[in-house]
file upload26.txt (compact mmCIF, C-alpha atoms and all ligand atoms)
# COMPACT_ATOMS: atom_id res chain seq x y z
CA MET A 1 0.78 -20.47 -9.29
CA ARG A 2 -1.31 -19.11 -12.17
CA LEU A 3 -3.36 -16.04 -11.40
CA ILE A 4 -5.41 -13.36 -13.10
CA LEU A 5 -5.40 -9.74 -11.93
CA LEU A 6 -8.78 -8.32 -12.93
CA GLY A 7 -9.80 -4.70 -12.66
CA PRO A 8 -10.54 -1.47 -14.51
CA PRO A 9 -7.88 0.78 -16.08
CA GLY A 10 -5.76 2.29 -13.31
CA ALA A 11 -6.87 -0.20 -10.65
CA GLY A 12 -3.23 -1.11 -9.90
CA LYS A 13 -2.91 -4.39 -11.83
CA GLY A 14 0.52 -3.52 -13.20
CA THR A 15 1.77 -2.12 -9.88
CA GLN A 16 0.73 -5.20 -7.93
CA ALA A 17 1.91 -7.59 -10.67
CA GLN A 18 5.44 -6.16 -10.42
CA ARG A 19 5.45 -6.84 -6.68
CA ILE A 20 4.23 -10.43 -7.16
CA VAL A 21 6.99 -10.96 -9.74
CA GLU A 22 9.57 -9.84 -7.18
CA LYS A 23 8.22 -11.95 -4.34
CA TYR A 24 7.20 -15.15 -6.15
CA GLY A 25 9.53 -15.13 -9.18
CA ILE A 26 6.80 -15.80 -11.71
CA PRO A 27 6.48 -13.60 -14.83
CA GLN A 28 3.92 -10.86 -15.44
CA LEU A 29 2.05 -11.35 -18.71
CA SER A 30 0.53 -7.95 -19.47
CA THR A 31 -1.27 -7.92 -22.82
CA GLY A 32 -1.19 -4.10 -22.69
CA ASP A 33 2.63 -4.13 -22.34
CA MET A 34 2.98 -6.78 -25.07
CA LEU A 35 0.79 -4.77 -27.44
CA ARG A 36 2.68 -1.54 -26.66
CA ALA A 37 5.95 -3.39 -27.44
CA ALA A 38 4.43 -4.51 -30.77
CA VAL A 39 3.39 -0.91 -31.52
CA ALA A 40 6.91 0.36 -30.72
CA ALA A 41 8.49 -2.35 -32.91
CA GLU A 42 6.00 -1.54 -35.70
CA THR A 43 5.12 -5.21 -36.25
CA ASP A 44 1.97 -6.14 -38.22
CA VAL A 45 0.11 -6.67 -34.94
CA GLY A 46 1.42 -3.34 -33.62
CA LYS A 47 0.30 -1.46 -36.73
CA ARG A 48 -3.21 -2.94 -36.40
CA ALA A 49 -3.39 -2.33 -32.63
CA LYS A 50 -2.12 1.25 -32.37
CA ALA A 51 -5.24 3.19 -33.43
CA VAL A 52 -7.52 0.88 -31.42
CA MET A 53 -5.45 1.32 -28.25
CA ASP A 54 -5.11 5.09 -28.67
CA ALA A 55 -8.91 5.26 -28.93
CA GLY A 56 -9.36 3.26 -25.71
CA LYS A 57 -11.05 0.34 -27.46
CA LEU A 58 -10.18 -3.35 -27.34
CA VAL A 59 -7.83 -5.08 -29.74
CA SER A 60 -9.46 -8.12 -31.37
CA ASP A 61 -9.86 -11.26 -29.28
CA ASP A 62 -8.02 -13.37 -31.91
CA ILE A 63 -4.88 -11.26 -31.69
CA VAL A 64 -4.58 -11.19 -27.88
CA ILE A 65 -5.53 -14.86 -27.46
CA ALA A 66 -2.77 -15.84 -29.92
CA ILE A 67 -0.23 -13.62 -28.13
CA VAL A 68 -1.02 -15.09 -24.69
CA SER A 69 -1.19 -18.68 -25.90
CA GLU A 70 2.29 -18.36 -27.40
CA ARG A 71 3.67 -16.58 -24.36
CA ILE A 72 2.56 -19.17 -21.78
CA ASP A 73 4.45 -21.85 -23.72
CA GLN A 74 7.76 -20.11 -22.90
CA PRO A 75 9.95 -21.90 -20.32
CA ASP A 76 9.76 -19.06 -17.76
CA CYS A 77 6.00 -19.74 -17.42
CA GLU A 78 6.50 -23.32 -16.27
CA LYS A 79 6.26 -22.43 -12.56
CA GLY A 80 3.32 -20.12 -13.15
CA PHE A 81 2.42 -16.61 -14.35
CA ILE A 82 0.36 -13.53 -13.63
CA LEU A 83 -2.15 -12.51 -16.29
CA ASP A 84 -2.50 -8.70 -16.16
CA GLY A 85 -5.19 -7.21 -18.39
CA PHE A 86 -6.15 -10.57 -19.89
CA PRO A 87 -8.74 -12.03 -20.21
CA ARG A 88 -10.83 -8.94 -20.85
CA THR A 89 -13.92 -10.30 -22.62
CA LEU A 90 -16.02 -13.41 -22.10
CA VAL A 91 -14.60 -14.77 -25.38
CA GLN A 92 -11.09 -14.36 -23.95
CA ALA A 93 -12.15 -15.95 -20.65
CA ASP A 94 -13.52 -19.00 -22.47
CA ALA A 95 -10.35 -19.17 -24.56
CA THR A 96 -8.25 -19.02 -21.37
CA GLU A 97 -10.14 -22.00 -19.92
CA ALA A 98 -9.64 -23.97 -23.14
CA MET A 99 -5.99 -22.94 -23.46
CA LEU A 100 -5.13 -24.01 -19.90
CA ALA A 101 -7.12 -27.26 -20.15
CA ALA A 102 -5.32 -28.16 -23.40
CA LYS A 103 -1.97 -27.69 -21.64
CA GLY A 104 -3.17 -29.62 -18.56
CA LEU A 105 -2.90 -26.51 -16.36
CA ASP A 106 -5.17 -25.06 -13.66
CA LEU A 107 -6.00 -21.49 -12.77
CA SER A 108 -5.11 -20.84 -9.11
CA VAL A 109 -7.15 -17.68 -8.46
CA VAL A 110 -8.64 -14.52 -9.98
CA ILE A 111 -7.99 -11.41 -7.90
CA GLU A 112 -10.30 -8.48 -8.56
CA LEU A 113 -9.08 -4.98 -7.61
CA LYS A 114 -12.06 -2.74 -6.76
CA VAL A 115 -11.55 1.02 -7.27
CA ASN A 116 -14.11 3.77 -7.95
CA ASP A 117 -14.15 5.76 -11.22
CA LYS A 118 -13.09 9.11 -9.74
CA GLU A 119 -9.95 7.55 -8.26
CA LEU A 120 -9.23 5.63 -11.49
CA VAL A 121 -9.22 8.88 -13.50
CA ARG A 122 -7.00 10.56 -10.89
CA ARG A 123 -4.49 7.71 -10.96
CA VAL A 124 -4.29 7.33 -14.71
CA SER A 125 -3.91 11.05 -15.39
CA GLY A 126 -0.92 11.19 -13.00
CA ARG A 127 0.78 8.04 -14.18
CA TYR A 128 4.16 7.83 -15.89
CA SER A 129 6.75 5.09 -16.18
CA CYS A 130 10.44 4.49 -16.66
CA ALA A 131 11.21 4.37 -20.39
CA GLN A 132 13.92 1.75 -19.76
CA CYS A 133 12.52 -0.79 -17.25
CA GLY A 134 8.82 0.09 -17.19
CA SER A 135 8.57 0.78 -13.43
CA VAL A 136 5.36 2.71 -12.82
CA TYR A 137 5.19 6.05 -10.97
CA HIS A 138 2.59 8.70 -10.21
CA ASP A 139 2.93 12.51 -10.10
CA SER A 140 1.71 12.81 -6.52
CA ASP A 141 1.44 9.30 -5.02
CA LYS A 142 4.59 7.53 -6.08
CA ARG A 143 7.56 9.62 -7.13
CA PRO A 144 11.07 8.18 -7.47
CA ALA A 145 13.19 8.57 -4.30
CA ALA A 146 15.66 10.76 -6.21
CA GLU A 147 13.75 13.21 -8.44
CA GLY A 148 13.99 12.23 -12.11
CA VAL A 149 15.89 8.96 -11.51
CA CYS A 150 14.20 5.56 -11.70
CA ASP A 151 14.42 3.72 -8.34
CA LYS A 152 14.82 0.37 -10.02
CA CYS A 153 17.26 0.87 -12.93
CA GLY A 154 18.63 4.41 -12.52
CA SER A 155 17.38 5.61 -15.91
CA THR A 156 16.51 9.30 -16.25
CA HIS A 157 14.08 8.77 -19.13
CA PHE A 158 10.36 8.59 -18.40
CA LYS A 159 7.26 8.37 -20.61
CA ARG A 160 3.48 8.75 -20.48
CA ARG A 161 0.98 6.55 -22.33
CA PRO A 162 -0.98 8.12 -25.23
CA ASP A 163 -4.22 6.61 -23.85
CA ASP A 164 -3.80 8.21 -20.41
CA ASN A 165 -5.96 11.28 -20.97
CA ALA A 166 -9.45 12.14 -19.69
CA GLU A 167 -11.26 11.57 -23.02
CA THR A 168 -9.73 8.17 -23.74
CA MET A 169 -10.13 7.18 -20.11
CA THR A 170 -13.92 7.71 -20.39
CA GLN A 171 -13.93 5.32 -23.35
CA ARG A 172 -11.71 2.77 -21.53
CA LEU A 173 -14.06 2.78 -18.53
CA GLU A 174 -17.10 2.30 -20.79
CA VAL A 175 -15.39 -0.66 -22.45
CA TYR A 176 -14.44 -2.08 -19.04
CA TYR A 177 -18.01 -2.03 -17.69
CA LYS A 178 -19.49 -3.42 -20.90
CA GLU A 179 -16.93 -6.04 -21.92
CA THR A 180 -14.78 -6.89 -18.90
CA SER A 181 -16.89 -6.53 -15.75
CA PRO A 182 -19.02 -9.60 -16.72
CA LEU A 183 -15.89 -11.63 -15.94
CA ILE A 184 -16.43 -10.92 -12.24
CA GLY A 185 -19.61 -13.04 -12.30
CA PHE A 186 -18.00 -15.58 -14.60
CA TYR A 187 -15.18 -16.33 -12.13
CA TYR A 188 -17.38 -15.95 -9.05
CA ALA A 189 -19.60 -18.72 -10.42
CA LYS A 190 -16.52 -20.91 -10.83
CA GLY A 191 -15.48 -20.29 -7.20
CA ARG A 192 -12.22 -18.67 -8.38
CA LEU A 193 -12.86 -15.03 -7.50
CA LYS A 194 -11.28 -13.09 -4.62
CA SER A 195 -11.92 -9.35 -4.32
CA VAL A 196 -9.53 -6.84 -2.81
CA ASP A 197 -10.13 -3.19 -1.86
CA GLY A 198 -7.94 -1.50 -4.46
CA MET A 199 -8.70 1.95 -2.98
CA ALA A 200 -6.34 1.19 -0.10
CA ASP A 201 -2.70 2.20 0.08
CA MET A 202 -0.49 0.22 -2.35
CA ASP A 203 1.28 -1.66 0.46
CA VAL A 204 -2.04 -2.61 2.06
CA VAL A 205 -3.28 -3.93 -1.30
CA THR A 206 -0.05 -5.92 -1.65
CA GLY A 207 -0.58 -7.40 1.84
CA ASP A 208 -4.15 -8.39 0.99
CA ILE A 209 -2.99 -10.07 -2.22
CA GLU A 210 -0.17 -11.88 -0.44
CA ALA A 211 -2.65 -13.18 2.14
CA ILE A 212 -4.77 -14.63 -0.68
CA LEU A 213 -1.76 -16.18 -2.41
CA GLY A 214 -0.36 -17.51 0.86
CA ALA A 215 -3.63 -19.34 1.56
CA LEU A 216 -3.67 -21.17 -1.79
P1 LIG B 301 -3.57 -2.12 -20.39
O1 LIG B 301 -2.17 -1.75 -20.56
O2 LIG B 301 -3.90 -3.46 -19.83
O3 LIG B 301 -4.30 -1.00 -19.56
P2 LIG B 301 -5.54 -1.01 -18.53
O4 LIG B 301 -6.22 -2.28 -18.27
O5 LIG B 301 -6.38 0.09 -19.05
O6 LIG B 301 -4.92 -0.78 -17.18
P3 LIG B 301 -3.75 0.17 -16.80
O7 LIG B 301 -2.45 -0.42 -17.24
O8 LIG B 301 -4.08 1.56 -17.26
O9 LIG B 301 -3.87 0.20 -15.22
P4 LIG B 301 -3.30 -0.79 -14.11
O10 LIG B 301 -4.45 -1.48 -13.50
O11 LIG B 301 -2.17 -1.61 -14.62
O12 LIG B 301 -2.77 0.28 -13.05
P5 LIG B 301 -1.29 0.71 -12.62
O13 LIG B 301 -0.68 -0.30 -11.75
O14 LIG B 301 -0.51 1.18 -13.80
O15 LIG B 301 -4.31 -2.02 -21.80
C1 LIG B 301 -4.11 -0.90 -22.65
C2 LIG B 301 -4.87 -1.11 -23.96
O16 LIG B 301 -4.33 -2.27 -24.64
C3 LIG B 301 -6.37 -1.41 -23.82
O17 LIG B 301 -7.13 -0.22 -23.70
C4 LIG B 301 -6.62 -2.18 -25.13
O18 LIG B 301 -6.71 -1.31 -26.22
C5 LIG B 301 -5.36 -3.02 -25.28
N1 LIG B 301 -5.48 -4.34 -24.61
C6 LIG B 301 -4.74 -4.79 -23.54
N2 LIG B 301 -5.12 -6.03 -23.19
C7 LIG B 301 -6.12 -6.38 -24.03
C8 LIG B 301 -6.93 -7.53 -24.13
N3 LIG B 301 -6.79 -8.56 -23.32
N4 LIG B 301 -7.89 -7.55 -25.11
C9 LIG B 301 -8.03 -6.51 -25.96
N5 LIG B 301 -7.30 -5.37 -25.90
C10 LIG B 301 -6.34 -5.30 -24.95
O19 LIG B 301 -1.63 1.97 -11.69
C11 LIG B 301 -2.18 3.17 -12.23
C12 LIG B 301 -1.63 4.38 -11.47
O20 LIG B 301 -2.13 4.36 -10.14
C13 LIG B 301 -0.10 4.38 -11.34
O21 LIG B 301 0.37 5.70 -11.44
C14 LIG B 301 0.15 3.80 -9.95
O22 LIG B 301 1.35 4.28 -9.39
C15 LIG B 301 -1.09 4.26 -9.19
N6 LIG B 301 -1.54 3.31 -8.16
C16 LIG B 301 -1.57 1.97 -8.23
N7 LIG B 301 -2.07 1.42 -7.10
C17 LIG B 301 -2.38 2.46 -6.29
C18 LIG B 301 -2.94 2.55 -4.97
N8 LIG B 301 -3.29 1.47 -4.25
N9 LIG B 301 -3.13 3.79 -4.45
C19 LIG B 301 -2.79 4.90 -5.16
N10 LIG B 301 -2.25 4.87 -6.40
C20 LIG B 301 -2.05 3.67 -6.96
MG MG B 302 -1.28 -1.90 -16.52
call {"tool": "encode", "arguments": {"input": "upload26.txt", "output": "structure tokens", "more": "lines below"}}
Ligand code: AP5
Ligand code: MG
result
Amino acid sequence: MRLILLGPPGAGKGTQAQRIVEKYGIPQLSTGDMLRAAVAAETDVGKRAKAVMDAGKLVSDDIVIAIVSERIDQPDCEKGFILDGFPRTLVQADATEAMLAAKGLDLSVVIELKVNDKELVRRVSGRYSCAQCGSVYHDSDKRPAAEGVCDKCGSTHFKRRPDDNAETMTQRLEVYYKETSPLIGFYYAKGRLKSVDGMADMDVVTGDIEAILGAL
């Protein structure tokens, strides 16, 4: 199963991807997470990406296409993968088609998470994650069961993203509507698009996604 989770910043792509990983045992390929790892490791790519990401703009197509192309060649992607936050431009969408065709692979489905802007800003400004395993939480909606202790790995260290502030979020939304939302029409025209109400409770969204995946 090879799927794309498409949606604006804060739509729940990462949250739902983690649940699909657990249920279906296929890896989550988040270009945002990969770029943040490169920034933390201070690689050449990380050094080039940091300022762009902190400003809420997009890293160059060439860089992310190369990262994803390399990643899907890894053995753990043989049974499938979830693309989270990629493709994000029409150039990246075309490259994805070419990349999969060259490897003789098919795209199973593109799942769009629909959420309004007010809710996106609310979600992103409350978001934090486990510094050790990356599990995502929210100040009011999704706190760990034991205060200050990650449910998944037990770590007591948490972090917030530098781009999760109101000003950068405005920029990220602008970029989403200009560069990424055209992908909705792109995949609709290919008969690949399924839309889910991302405003619903997390478990309801998961159920809707599982229904789509179960019907494939
Ligand atoms: P990236 O890391 O991909 O960020 P994003 O797309 O802006 O999306 P987010 O990760 O912020 O949101 P999400 O949809 O994963 O939501 P989440 O599940 O966390 O990209 C970051 C940057 O990297 C980009 O700005 C760009 O610079 C660069 N980049 C990455 N990919 C690139 C590419 N392909 N090309 C170029 N540049 C690229 O949920 C958010 C919050 O809401 C959480 O607190 C969560 O608990 C909560 N929540 C989730 N679902 C629900 C629900 N149903 N109800 C209530 N709360 C919910
Ligand atoms: Mg994410």
call {"tool": "residues_around", "arguments": {"input": "upload26.txt", "residues": "Arg36 (chain A)", "least_positions_apart": "5", "cutoff": "12 Å", "atoms": "all atoms listed in the file", "output": "PyMOL selection string"}}
result
chain A and resi 30-31+41-43+45-54+59+134+161-163
call {"tool": "residues_around", "arguments": {"input": "upload26.txt", "residues": "Thr89 (chain A)", "least_positions_apart": "3", "cutoff": "10 Å", "atoms": "only C-alpha atoms", "output": "PyMOL selection string"}}
result
chain A and resi 58+61+86+92-95+175-176+178-183
call {"tool": "write_last_selection", "arguments": {"input": "upload26.txt", "atoms": "C-alpha atoms", "output": "PDB file, in the coordinates of the input"}}
result
ATOM      1  CA  LEU A  58     -10.180  -3.350 -27.340  1.00  0.00           C
ATOM      2  CA  ASP A  61      -9.860 -11.260 -29.280  1.00  0.00           C
ATOM      3  CA  PHE A  86      -6.150 -10.570 -19.890  1.00  0.00           C
ATOM      4  CA  GLN A  92     -11.090 -14.360 -23.950  1.00  0.00           C
ATOM      5  CA  ALA A  93     -12.150 -15.950 -20.650  1.00  0.00           C
ATOM      6  CA  ASP A  94     -13.520 -19.000 -22.470  1.00  0.00           C
ATOM      7  CA  ALA A  95     -10.350 -19.170 -24.560  1.00  0.00           C
ATOM      8  CA  VAL A 175     -15.390  -0.660 -22.450  1.00  0.00           C
ATOM      9  CA  TYR A 176     -14.440  -2.080 -19.040  1.00  0.00           C
ATOM     10  CA  LYS A 178     -19.490  -3.420 -20.900  1.00  0.00           C
ATOM     11  CA  GLU A 179     -16.930  -6.040 -21.920  1.00  0.00           C
ATOM     12  CA  THR A 180     -14.780  -6.890 -18.900  1.00  0.00           C
ATOM     13  CA  SER A 181     -16.890  -6.530 -15.750  1.00  0.00           C
ATOM     14  CA  PRO A 182     -19.020  -9.600 -16.720  1.00  0.00           C
ATOM     15  CA  LEU A 183     -15.890 -11.630 -15.940  1.00  0.00           C
TER      16      LEU A 183
END
call {"tool": "closest_atom_pairs", "arguments": {"input": "upload26.txt", "of": "chain A", "to": "ligand LIG 301 (chain B)", "cutoff": "7 Å", "atoms": "all atoms listed in the file", "output": "JSON lines"}}
result
{"residue": "A:Gly7", "atom": "CA", "partner": "B:LIG301", "partner_atom": "O10", "distance": 6.3}
{"residue": "A:Pro8", "atom": "CA", "partner": "B:LIG301", "partner_atom": "O4", "distance": 5.8}
{"residue": "A:Pro9", "atom": "CA", "partner": "B:LIG301", "partner_atom": "O5", "distance": 3.4}
{"residue": "A:Gly10", "atom": "CA", "partner": "B:LIG301", "partner_atom": "O9", "distance": 3.4}
{"residue": "A:Ala11", "atom": "CA", "partner": "B:LIG301", "partner_atom": "O10", "distance": 4.0}
{"residue": "A:Gly12", "atom": "CA", "partner": "B:LIG301", "partner_atom": "O13", "distance": 3.3}
{"residue": "A:Lys13", "atom": "CA", "partner": "B:LIG301", "partner_atom": "O10", "distance": 3.7}
{"residue": "A:Gly14", "atom": "CA", "partner": "B:LIG301", "partner_atom": "O11", "distance": 3.6}
{"residue": "A:Thr15", "atom": "CA", "partner": "B:LIG301", "partner_atom": "O13", "distance": 3.6}
{"residue": "A:Gln16", "atom": "CA", "partner": "B:LIG301", "partner_atom": "O13", "distance": 6.4}
{"residue": "A:Ser30", "atom": "CA", "partner": "B:LIG301", "partner_atom": "O2", "distance": 6.3}
{"residue": "A:Thr31", "atom": "CA", "partner": "B:LIG301", "partner_atom": "N2", "distance": 4.3}
{"residue": "A:Gly32", "atom": "CA", "partner": "B:LIG301", "partner_atom": "O1", "distance": 3.3}
{"residue": "A:Asp33", "atom": "CA", "partner": "B:LIG301", "partner_atom": "O1", "distance": 5.6}
{"residue": "A:Leu35", "atom": "CA", "partner": "B:LIG301", "partner_atom": "O16", "distance": 6.3}
{"residue": "A:Val52", "atom": "CA", "partner": "B:LIG301", "partner_atom": "O18", "distance": 5.7}
{"residue": "A:Met53", "atom": "CA", "partner": "B:LIG301", "partner_atom": "O18", "distance": 3.6}
{"residue": "A:Gly56", "atom": "CA", "partner": "B:LIG301", "partner_atom": "O17", "distance": 4.6}
{"residue": "A:Lys57", "atom": "CA", "partner": "B:LIG301", "partner_atom": "O18", "distance": 4.8}
{"residue": "A:Leu58", "atom": "CA", "partner": "B:LIG301", "partner_atom": "N5", "distance": 3.8}
{"residue": "A:Val59", "atom": "CA", "partner": "B:LIG301", "partner_atom": "N5", "distance": 3.9}
{"residue": "A:Ser60", "atom": "CA", "partner": "B:LIG301", "partner_atom": "C9", "distance": 5.8}
{"residue": "A:Asp61", "atom": "CA", "partner": "B:LIG301", "partner_atom": "N4", "distance": 5.9}
{"residue": "A:Val64", "atom": "CA", "partner": "B:LIG301", "partner_atom": "N4", "distance": 5.6}
{"residue": "A:Asp84", "atom": "CA", "partner": "B:LIG301", "partner_atom": "O2", "distance": 6.5}
{"residue": "A:Gly85", "atom": "CA", "partner": "B:LIG301", "partner_atom": "O2", "distance": 4.2}
{"residue": "A:Phe86", "atom": "CA", "partner": "B:LIG301", "partner_atom": "N3", "distance": 4.0}
{"residue": "A:Pro87", "atom": "CA", "partner": "B:LIG301", "partner_atom": "N3", "distance": 5.1}
{"residue": "A:Arg88", "atom": "CA", "partner": "B:LIG301", "partner_atom": "N3", "distance": 4.8}
{"residue": "A:Arg123", "atom": "CA", "partner": "B:LIG301", "partner_atom": "O20", "distance": 4.2}
{"residue": "A:Val124", "atom": "CA", "partner": "B:LIG301", "partner_atom": "C12", "distance": 5.1}
{"residue": "A:Gly126", "atom": "CA", "partner": "B:LIG301", "partner_atom": "O21", "distance": 5.9}
{"residue": "A:Arg127", "atom": "CA", "partner": "B:LIG301", "partner_atom": "O21", "distance": 3.6}
{"residue": "A:Tyr128", "atom": "CA", "partner": "B:LIG301", "partner_atom": "O21", "distance": 6.2}
{"residue": "A:Val136", "atom": "CA", "partner": "B:LIG301", "partner_atom": "O22", "distance": 5.5}
{"residue": "A:Tyr137", "atom": "CA", "partner": "B:LIG301", "partner_atom": "O22", "distance": 4.5}
{"residue": "A:His138", "atom": "CA", "partner": "B:LIG301", "partner_atom": "O21", "distance": 3.9}
{"residue": "A:Asp141", "atom": "CA", "partner": "B:LIG301", "partner_atom": "N10", "distance": 5.9}
{"residue": "A:Lys142", "atom": "CA", "partner": "B:LIG301", "partner_atom": "O22", "distance": 5.7}
{"residue": "A:Arg172", "atom": "CA", "partner": "B:LIG301", "partner_atom": "O17", "distance": 5.9}
{"residue": "A:Gly198", "atom": "CA", "partner": "B:LIG301", "partner_atom": "N8", "distance": 5.5}
{"residue": "A:Met199", "atom": "CA", "partner": "B:LIG301", "partner_atom": "N8", "distance": 5.6}
{"residue": "A:Ala200", "atom": "CA", "partner": "B:LIG301", "partner_atom": "N8", "distance": 5.2}
{"residue": "A:Asp201", "atom": "CA", "partner": "B:LIG301", "partner_atom": "N8", "distance": 4.4}
{"residue": "A:Met202", "atom": "CA", "partner": "B:LIG301", "partner_atom": "N8", "distance": 3.6}
{"residue": "A:Val205", "atom": "CA", "partner": "B:LIG301", "partner_atom": "N8", "distance": 6.2}
call {"tool": "closest_residue", "arguments": {"input": "upload26.txt", "among": "A:Glu97, A:Glu174, A:Asp139, A:Asp164", "to": "ligand MG 302 (chain B)", "atoms": "all atoms listed in the file"}}
result
A:Asp164
call {"tool": "residues_around", "arguments": {"input": "upload26.txt", "residues": "Tyr24 (chain A)", "least_positions_apart": "4", "cutoff": "10 Å", "atoms": "all atoms listed in the file", "output": "PDB file with C-alpha atoms, keeping the file's coordinate frame"}}
result
ATOM      1  CA  MET A   1       0.780 -20.470  -9.290  1.00  0.00           C
ATOM      2  CA  ARG A  19       5.450  -6.840  -6.680  1.00  0.00           C
ATOM      3  CA  ILE A  20       4.230 -10.430  -7.160  1.00  0.00           C
ATOM      4  CA  LYS A  79       6.260 -22.430 -12.560  1.00  0.00           C
ATOM      5  CA  GLY A  80       3.320 -20.120 -13.150  1.00  0.00           C
ATOM      6  CA  PHE A  81       2.420 -16.610 -14.350  1.00  0.00           C
ATOM      7  CA  GLU A 210      -0.170 -11.880  -0.440  1.00  0.00           C
ATOM      8  CA  LEU A 213      -1.760 -16.180  -2.410  1.00  0.00           C
TER       9      LEU A 213
END
call {"tool": "closest_residue", "arguments": {"input": "upload26.txt", "among": "A:Gln74, A:Ser195, A:Gln18, A:Ser125", "to": "Thr170 (chain A)", "atoms": "all atoms listed in the file"}}
result
A:Ser125
call {"tool": "atom_distance", "arguments": {"input": "upload26.txt", "atom1": "CA of Ala98 (chain A)", "atom2": "CA of Ile111 (chain A)"}}
result
19.8 Å
call {"tool": "closest_residue", "arguments": {"input": "upload26.txt", "among": "A:Leu107, A:Leu3, A:Ile212, A:Ala17", "to": "ligand MG 302 (chain B)", "atoms": "all atoms listed in the file"}}
result
A:Ala17
call {"tool": "closest_residue", "arguments": {"input": "upload26.txt", "among": "A:Val39, A:Val21, A:Leu83, A:Ile184", "to": "ligand MG 302 (chain B)", "atoms": "only C-alpha atoms and all ligand atoms"}}
result
A:Leu83
call {"tool": "closest_residue", "arguments": {"input": "upload26.txt", "among": "A:Ala131, A:Leu5, A:Val115, A:Ile67", "to": "ligand MG 302 (chain B)", "atoms": "only C-alpha atoms and all ligand atoms"}}
result
A:Leu5
call {"tool": "atom_distance", "arguments": {"input": "upload26.txt", "atom1": "CA of Gly185 (chain A)", "atom2": "atom MG of ligand MG 302 (chain B)"}}
result
21.9 Å
call {"tool": "atom_distance", "arguments": {"input": "upload26.txt", "atom1": "CA of Val110 (chain A)", "atom2": "CA of Ser129 (chain A)"}}
result
25.7 Å
call {"tool": "closest_residue", "arguments": {"input": "upload26.txt", "among": "A:Lys194, A:Lys152, A:Arg122, A:Arg160", "to": "Ser108 (chain A)", "atoms": "all atoms listed in the file"}}
result
A:Lys194
call {"tool": "residues_around", "arguments": {"input": "upload26.txt", "residues": "Asp106 (chain A)", "least_positions_apart": "4", "cutoff": "8 Å", "atoms": "all atoms listed in the file", "output": "ChimeraX atom specification"}}
result
/A:2,100-101
call {"tool": "axis_aligned_box", "arguments": {"input": "upload26.txt", "around": "region 194-206 of chain A", "padding_each_side": "3 Å", "output": "lines of an AutoDock Vina configuration file"}}
result
center_x = -5.3
center_y = -5.4
center_z = -1.3
size_x = 19.2
size_y = 21.3
size_z = 12.7
call {"tool": "build_atoms", "arguments": {"input": "upload26.txt", "residues": "region 82-94 of chain A", "atoms": "N, CA and C atoms", "output": "mmCIF file, in the frame of the given file"}}
result
data_model
loop_
_atom_site.group_PDB
_atom_site.id
_atom_site.type_symbol
_atom_site.label_atom_id
_atom_site.label_comp_id
_atom_site.auth_asym_id
_atom_site.auth_seq_id
_atom_site.Cartn_x
_atom_site.Cartn_y
_atom_site.Cartn_z
ATOM 1 N N ILE A 82 1.415 -14.475 -14.026
ATOM 2 C CA ILE A 82 0.360 -13.530 -13.630
ATOM 3 C C ILE A 82 -0.226 -12.951 -14.913
ATOM 4 N N LEU A 83 -1.499 -13.140 -15.139
ATOM 5 C CA LEU A 83 -2.150 -12.510 -16.290
ATOM 6 C C LEU A 83 -2.656 -11.137 -15.848
ATOM 7 N N ASP A 84 -2.157 -10.087 -16.507
ATOM 8 C CA ASP A 84 -2.500 -8.700 -16.160
ATOM 9 C C ASP A 84 -3.168 -8.066 -17.373
ATOM 10 N N GLY A 85 -4.478 -7.824 -17.265
ATOM 11 C CA GLY A 85 -5.190 -7.210 -18.390
ATOM 12 C C GLY A 85 -5.698 -8.232 -19.407
ATOM 13 N N PHE A 86 -5.636 -9.477 -19.059
ATOM 14 C CA PHE A 86 -6.150 -10.570 -19.890
ATOM 15 C C PHE A 86 -6.618 -11.672 -18.944
ATOM 16 N N PRO A 87 -7.763 -12.311 -19.165
ATOM 17 C CA PRO A 87 -8.740 -12.030 -20.210
ATOM 18 C C PRO A 87 -9.536 -10.765 -19.901
ATOM 19 N N ARG A 88 -10.140 -10.207 -20.942
ATOM 20 C CA ARG A 88 -10.830 -8.940 -20.850
ATOM 21 C C ARG A 88 -12.218 -8.968 -21.480
ATOM 22 N N THR A 89 -12.570 -10.096 -22.069
ATOM 23 C CA THR A 89 -13.920 -10.300 -22.620
ATOM 24 C C THR A 89 -14.306 -11.734 -22.270
ATOM 25 N N LEU A 90 -15.599 -12.032 -22.382
ATOM 26 C CA LEU A 90 -16.020 -13.410 -22.100
ATOM 27 C C LEU A 90 -15.419 -14.378 -23.126
ATOM 28 N N VAL A 91 -15.237 -13.912 -24.359
ATOM 29 C CA VAL A 91 -14.600 -14.770 -25.380
ATOM 30 C C VAL A 91 -13.177 -15.110 -24.928
ATOM 31 N N GLN A 92 -12.465 -14.113 -24.423
ATOM 32 C CA GLN A 92 -11.090 -14.360 -23.950
ATOM 33 C C GLN A 92 -11.075 -15.258 -22.710
ATOM 34 N N ALA A 93 -12.093 -15.104 -21.857
ATOM 35 C CA ALA A 93 -12.150 -15.950 -20.650
ATOM 36 C C ALA A 93 -12.384 -17.410 -21.036
ATOM 37 N N ASP A 94 -13.289 -17.630 -21.994
ATOM 38 C CA ASP A 94 -13.520 -19.000 -22.470
ATOM 39 C C ASP A 94 -12.257 -19.561 -23.106
#
